[in-house]
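Participant: Mind having a look at this structure? Questions to follow.
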Amino acid sequence: MASGVTVAVVGVTGAVGQMTLKILEERKFPVKALRACASERSVGKTVTFKGEAIRELGLPVIVRPSWVIGGRGIAVLHSAADLASLLRTEIGWPLRVDEMIEGIELDIDVISDGADWCVPGILEQLDPPGVHSGDSVAVLPPQTLSRSQQERAADTAGRIALALGLRGILNVQAIVAADRVVVIEANPRASRTVPIVAKATGRDVVAAAVRCALGASLEEVGWLRGLAEDAPLVAVKAPVGSLWRLPGVDATPGPEMRSTGEVLGLSEDYAIAVRRATEAVAAHEPRR
C-alpha cells in the first residue's frame with residue numbers, strides 16, 4: 001500500500017523508507033536492527049514454497065503469510081496432518097515460519113520522535129501465544145510481569161523504533177519467556193490497542209504520535225522518555241463477535257481473528273475490571 005501511495009505522489013509522513021516498509025511487510029524483520037538493540041526474535045525463516053523447509057524447524061510452529069489483516073491465513077501447526085492440511089489450502093507465499101514460544105504475549109505501542117521514544121502503556125494478553133490479539137482477553141497494565149520486565153520489553157520496542165529511524169508510532173508484538181523478550185513482529189502503524197491505551201491511561205496517544213510524525217520532539221509534546229508510569233485504572237479488554245453466532249463457525253480462539261468488536265472494563269481493582277468486562281460481553285450476547 002505504501003508504494004502505491006508514493007506512486008500517487010502522496011507523502012507518507014513519518015515513514016521509514018520504502019525498503020524498510022517492504023522488509024516489515026514481508027516479515028523479514030531487520031536482523032541488524034535487532035542486533036543493534038540487543039534484542040531477540042523467534043527462531044524461524046521465510047519459505048517460498050512446499051513443506052520441507054517448514055518441517056526443518058520442527059513442530060509446533062506458527063506460519064504467517066505476508067500482507068494479511070486480522071490473522072487471515074495464519075496457522076499453528078502441531079502435527080504432520082496440520083502441515084498437510086495447510087499445504088492443501090491457497091497459501092499466500094512467502095510464509096514466515098517461527099517456533100512456538102511459551103510465555104506471555106505483549107502488545108507494545110511506542111512513540112518515537114526519531115531520537116527518543118516513549119511507551120504510554122503495555123497490554124498483556126491473557127490467552128497464550130498463538131491466539132490473535134483481537135480475540136484474546138488483555139489487561140493494562142500487565143498483572144503478571146514485574147516492572148523491570150515491562151521496562152525491558154518497552155526498551156526493546158523503543159530501540160527498534162530508533163533503529164528503523166521511525167517518527168510516529170510503532171506497534172511491537174513480543175513474548176516474555178523467563179528472562180527473554182522475543183520479538184514476534186513490528187508494524188509501523190497504529191494498532192487496535194491505541195484507543196484502549198488512550199482511554200485507560202487518559203493519554204492522548206494519537207495526538208502525540210501525529211505531532212512526532214510531523215516533526216515535534218517528545219519534549220515538545222510533553223511526554224517523558226521510557227515506559228510511562230501506570231495510570232490509576234486497570235483496563236481489561238475482552239472480545240465480542242457476531243460471527244460466533246453463525247452456525248458452523250468455530251469459536252475456538254486461534255491465530256485468525258473472528259471477533260468483530262471489543263469491550264473494556266475499567267476499575268482501580270483488577271478483579272472488578274474483569275467483572276465489568278465480562279458483564280459487557282454478556283450484554284452483547286443475543287437474547288433468546
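Note on naming: chains are A, B, ... as they come in the C-alpha cells, residues start from 1 per chain, ligands start from 1 in the order shown.
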Considering only strand (DSSP E) as DSSP defines it on the backbone, what residues of region 172-242 of chain A qualify? List them as a PyMOL selection string.
Facilitator: chain A and resi 172-177+180-187+226-227+234-240
Participant: Skip Ser79 (chain A) itself and residues of its chain fewer than 5 positions away, then list as a list in words all residues within 9 Å of it, counting only C-alpha atoms.
Facilitator: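 Contacts, with the query itself left out: Leu59, Pro60 and Ala84 of chain A.
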Participant: CA of Ala271 (chain A) and CA of Glu102 (chain A), how far apart in Å?
Facilitator: 25.0 Å
Participant: Excluding same-chain residues fewer than 5 positions from region 223-232 of chain A, what lies within 7 Å of it counting only C-alpha atoms, as number ranges by chain?
Facilitator: A: 116-121, 141, 151, 154, 201, 218, 268
Participant: Hey, can you spit out that residue selection with C-alpha atoms as a PDB file, in the first residue's frame?
Facilitator:
```pdb
ATOM      1  CA  ASP A 116      13.917   9.328  21.617  1.00  0.00           C
ATOM      2  CA  TRP A 117      10.936   7.140  22.453  1.00  0.00           C
ATOM      3  CA  CYS A 118       8.071   6.674  24.902  1.00  0.00           C
ATOM      4  CA  VAL A 119       5.696   3.775  25.622  1.00  0.00           C
ATOM      5  CA  PRO A 120       2.385   5.057  27.045  1.00  0.00           C
ATOM      6  CA  GLY A 121       1.193   1.578  28.045  1.00  0.00           C
ATOM      7  CA  PRO A 141      -1.100  -2.556  32.934  1.00  0.00           C
ATOM      8  CA  GLU A 151      10.663  -1.820  31.151  1.00  0.00           C
ATOM      9  CA  ALA A 154       9.419  -1.296  26.363  1.00  0.00           C
ATOM     10  CA  THR A 201      -4.459   5.986  30.772  1.00  0.00           C
ATOM     11  CA  LEU A 218       8.723  14.181  22.729  1.00  0.00           C
ATOM     12  CA  GLU A 268      -8.944   0.681  40.163  1.00  0.00           C
TER      13      GLU A 268
END
```
Participant: Between A:Met257, A:Ala163, A:Ala238, A:Ala208, which one has atoms that come closest to Arg275 (chain A), using only C-alpha atoms?
Facilitator: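 Using only C-alpha atoms, Arg275 (chain A) sits closest to A:Ala238.
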Participant: Just the number, please: distance in Å from CA of Ile54 (chain A) to CA of Val176 (chain A), one decimal.
Facilitator: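 It comes out at 24.1 Å.
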Participant: CA of Arg96 (chain A) to CA of Asp82 (chain A): how many Å, to one decimal?
Facilitator: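 Value for the CA of Arg96 (chain A)-CA of Asp82 (chain A) distance: 16.2 Å.
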Participant: Write out as a VMD selection string which residues come within 10 Å of Ala200 (chain A) when counting only C-alpha atoms, dropping same-chain ones fewer than 4 positions away.
Facilitator: chain A and resid 121 140 to 141 194 to 196 230 to 236 264 to 267
Participant: Could those residues be written to a file, using C-alpha atoms, as a PDB file, in the first residue's frame?
Facilitator:
```pdb
ATOM      1  CA  GLY A 121       1.193   1.578  28.045  1.00  0.00           C
ATOM      2  CA  LEU A 140      -3.312  -2.942  31.017  1.00  0.00           C
ATOM      3  CA  PRO A 141      -1.100  -2.556  32.934  1.00  0.00           C
ATOM      4  CA  VAL A 194      -4.144   2.608  20.722  1.00  0.00           C
ATOM      5  CA  PRO A 195      -7.705   3.620  21.749  1.00  0.00           C
ATOM      6  CA  ILE A 196      -7.546   1.150  24.639  1.00  0.00           C
ATOM      7  CA  ASP A 230       0.917   3.170  35.499  1.00  0.00           C
ATOM      8  CA  ALA A 231      -2.353   5.074  35.408  1.00  0.00           C
ATOM      9  CA  PRO A 232      -4.813   4.761  38.341  1.00  0.00           C
ATOM     10  CA  LEU A 233      -7.187   2.493  36.399  1.00  0.00           C
ATOM     11  CA  VAL A 234      -6.795  -1.134  35.374  1.00  0.00           C
ATOM     12  CA  ALA A 235      -8.299  -1.892  31.947  1.00  0.00           C
ATOM     13  CA  VAL A 236      -9.460  -5.344  30.843  1.00  0.00           C
ATOM     14  CA  LEU A 264     -13.455  -2.552  28.057  1.00  0.00           C
ATOM     15  CA  GLY A 265     -13.805  -2.973  31.801  1.00  0.00           C
ATOM     16  CA  LEU A 266     -12.245  -0.186  33.882  1.00  0.00           C
ATOM     17  CA  SER A 267     -11.636  -0.055  37.610  1.00  0.00           C
TER      18      SER A 267
END
```
Participant: Could you pull the residues within 7 Å of Val263 (chain A), counting only C-alpha atoms, minus those fewer than 2 positions along the same chain, as a list in words?
Facilitator: Lys237, Ala238, Pro239, Gly265, Ala277, Ala280 and Val281 of chain A
Participant: Using only C-alpha atoms, please write the residues we just selected to a file, as a JSON list (two decimals), in the first residue's frame.
Facilitator:
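Result went into part-v9.json, see below:
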```json
[["chain", "number", "residue", "atom", "x", "y", "z"],
["A", 237, "LYS", "CA", -10.23, -5.75, 27.14],
["A", 238, "ALA", "CA", -12.45, -8.63, 26.01],
["A", 239, "PRO", "CA", -13.62, -9.64, 22.52],
["A", 265, "GLY", "CA", -13.81, -2.97, 31.80],
["A", 277, "ALA", "CA", -15.57, -6.64, 31.01],
["A", 280, "ALA", "CA", -20.13, -6.05, 28.93],
["A", 281, "VAL", "CA", -19.50, -9.17, 26.84]]
```
Participant: Env of region 252-256 of chain A: 9 Å cut, atoms = only C-alpha atoms, seq-sep filter 5 positions within chain, self excluded. Answer as a list in words.
Facilitator: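 These residues fall inside the cut-off: Ile62, Gly70, Gly71, Arg72, Gly73, Ile74, Ala75, Val76, Asp127, Pro129, Gly130, Val131, His132, Ser133, Gly134, Asp135 and Ser136 of chain A.
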Participant: Emit the selected residues as a PDB file, in the first residue's frame, including C-alpha atoms.
Facilitator:
```pdb
ATOM      1  CA  ILE A  62       3.312 -20.786  13.619  1.00  0.00           C
ATOM      2  CA  GLY A  70      -6.927  -9.988  11.014  1.00  0.00           C
ATOM      3  CA  GLY A  71      -4.630 -13.004  11.057  1.00  0.00           C
ATOM      4  CA  ARG A  72      -6.115 -14.350   7.818  1.00  0.00           C
ATOM      5  CA  GLY A  73      -4.164 -17.434   6.748  1.00  0.00           C
ATOM      6  CA  ILE A  74      -2.088 -17.646   9.937  1.00  0.00           C
ATOM      7  CA  ALA A  75      -1.987 -21.151  11.403  1.00  0.00           C
ATOM      8  CA  VAL A  76      -0.407 -23.052  14.277  1.00  0.00           C
ATOM      9  CA  ASP A 127      -4.579 -16.008  26.329  1.00  0.00           C
ATOM     10  CA  PRO A 129       0.682 -17.077  22.252  1.00  0.00           C
ATOM     11  CA  GLY A 130      -0.969 -18.296  19.067  1.00  0.00           C
ATOM     12  CA  VAL A 131      -4.311 -16.643  19.873  1.00  0.00           C
ATOM     13  CA  HIS A 132      -4.896 -13.498  17.804  1.00  0.00           C
ATOM     14  CA  SER A 133      -4.594 -10.394  19.968  1.00  0.00           C
ATOM     15  CA  GLY A 134      -8.015  -9.243  18.736  1.00  0.00           C
ATOM     16  CA  ASP A 135      -9.595 -12.418  20.160  1.00  0.00           C
ATOM     17  CA  SER A 136      -7.567 -12.500  23.357  1.00  0.00           C
TER      18      SER A 136
END
```
Participant: In region 35-283 of chain A, what's helix (DSSP H, G or I) per DSSP? Answer as number ranges by chain?
Facilitator: A: 35-36, 52-57, 80-87, 147-163, 193-201, 205-213, 218-221, 243-245, 270-283
